[in-house]
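**Q** The structure under discussion is supplied below as structure tokens; questions concerning it will follow.
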Amino acid sequence: MAGYEKNREANRKIRVGKQMACIGAAVLLAVSHPYPAAAGENDAAAAGWFQQDGNWYYLESAGTLASGWREIDGKYYYFRENGAMQNFTLYQNETQYTFGEDGSLIRAKKERNTGGGSYEIAFFDQDLQEMADCLNELKADAFDGDEEEDYYEDDKVDYDKDASFVLNGRLQEIAEHRLAMARTKGYGSGRIPDEGTIDDYLRMINYNPGRRHMEVYLINCDGATHAEEKLLRNHDSDEKERSDRAVYYKEMGIAHEKVNGKDYYMIIFMR
């Protein structure tokens, strides 16, 4: 019996040693990941990135692997059921998601040749989804393209590519940032203190400052429909200047905040 107890204790120590080695490896890999760890992380073992068998994973503060959609440091990622980060095109509910080399979302758009208009953006809450639906229906209503006569299901033709907005992952980050700054620092004449206009900000971060773009800040709204009405007062399709029309643009990012029962939206459009 004494020998049995010694062997059991020895096996327990071996198991503990292996567990500690695995935790140490995860911590080392999380620290070595080229992307920043989660905001507020104090213990590298509690949350962070790590790599295994060529796949990247994200360990959340609760000690579980991230799965599904996650926002990490302002960027959106998708993790499969086994926790592995998605790094190739994903199709969900007629929406196509494209990711960059670092795994963060580049764009989301409606699958081609499905008619355009609204489509689901999986990581949006109800308020953002309703606003996106309003904008995409505006885009579909303004679409004047027709299905080509020689279009067949097996062709590579994308006849309705301009019948919906493309959600641009970088513009989404910018919209969320600009809304947060507008709410904390103020917003007047299209300017945010220390950041200036959207033109100034795009030049400051060196993100496509030469492309046509437009920023729309909608305040004190009662839901997405009311916000759409406000947007159309200045940016309807019958505006004289094309660059003033929301539907003139091809890509967008949308942010939302509810304050005292009122809805605030920041929308960044880009051609």
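Residue names in the structure tokens use chain letters A, B, ... in the order shown, residue numbers from 1 in each chain, and ligand numbers from 1 in the order shown.
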Do a neighbour search on Ala132 in chain A at 12 Å with only C-alpha atoms, toss out local chain neighbours closer than 3 positions, and write the hits as a PyMOL selection string.
**A** chain A and resi 108-110+117-122+124-129+135-139+164-167+172+224-225+227-228+251-256+265-267
**Q** Taking only range 101-264 of chain A into account, list the residues labelled strand (DSSP E) by DSSP (computed from the backbone), as an MDAnalysis selection string.
**A** chainID A and resid 105:110 166:168 213:221 251:259 262:264
**Q** So, counting only C-alpha atoms, which residue among A:Thr98, A:Ser104, A:Ser61, A:Asn234 is closest to Asp73 in chain A?
**A**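 Of A:Thr98, A:Ser104, A:Ser61, A:Asn234, the one nearest Asp73 in chain A, counting only C-alpha atoms, is A:Ser104.
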**Q** Quick one: residues within 10 Å of Gly210 in chain A, only C-alpha atoms counted, chain neighbours fewer than 5 positions away excluded, as a PyMOL selection string?
**A** chain A and resi 199+202-203
**Q** Output the selection as an mmCIF file, in the first residue's frame - N, CA, C and O atoms for each residue.
**A**
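Okay, this is what ended up in again-v2.cif:
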```cif
data_model
loop_
_atom_site.group_PDB
_atom_site.id
_atom_site.type_symbol
_atom_site.label_atom_id
_atom_site.label_comp_id
_atom_site.auth_asym_id
_atom_site.auth_seq_id
_atom_site.Cartn_x
_atom_site.Cartn_y
_atom_site.Cartn_z
ATOM 1 N N ASP A 199 -12.169 64.701 -42.065
ATOM 2 C CA ASP A 199 -11.027 64.854 -42.976
ATOM 3 C C ASP A 199 -9.728 64.916 -42.186
ATOM 4 O O ASP A 199 -8.735 64.246 -42.518
ATOM 5 N N LEU A 202 -8.936 61.404 -40.610
ATOM 6 C CA LEU A 202 -8.445 60.406 -41.565
ATOM 7 C C LEU A 202 -7.000 60.689 -41.964
ATOM 8 O O LEU A 202 -6.203 59.762 -42.139
ATOM 9 N N ARG A 203 -6.655 61.969 -42.100
ATOM 10 C CA ARG A 203 -5.263 62.312 -42.396
ATOM 11 C C ARG A 203 -4.367 61.972 -41.210
ATOM 12 O O ARG A 203 -3.245 61.490 -41.393
#
```
**Q** Rounded to one decimal in Å, what is the spacing between CA of Tyr57 in chain A and CA of Glu101 in chain A?
**A** 14.5 Å
**Q** Separation of CA of Met270 in chain A and CA of His235 in chain A, in Å?
**A**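 The value is 13.9 Å.
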**Q** Please, what distance in Å, to one decimal, runs between CA of Ala84 in chain A and CA of Gly169 in chain A?
**A**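 Separation between CA of Ala84 in chain A and CA of Gly169 in chain A: 20.2 Å.
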**Q** Name all residues at most 6 Å from Ala163 in chain A (count only C-alpha atoms; drop same-chain ones fewer than 2 positions away) and give them as an MDAnalysis selection string.
**A** chainID A and resid 116:117 139:140 143 160:161
**Q** Keeping C-alpha atoms, export the residues of the selection given above as a PDB file, in the first residue's frame.
**A**
```
ATOM      1  CA  GLY A 116     -29.366  43.771 -52.360  1.00  0.00           C
ATOM      2  CA  GLY A 117     -30.988  45.717 -49.556  1.00  0.00           C
ATOM      3  CA  LYS A 139     -29.305  51.921 -51.081  1.00  0.00           C
ATOM      4  CA  ALA A 140     -31.525  49.267 -52.672  1.00  0.00           C
ATOM      5  CA  PHE A 143     -30.128  51.063 -57.197  1.00  0.00           C
ATOM      6  CA  ASP A 160     -26.287  43.813 -57.437  1.00  0.00           C
ATOM      7  CA  LYS A 161     -22.978  44.813 -55.808  1.00  0.00           C
TER       8      LYS A 161
END
```
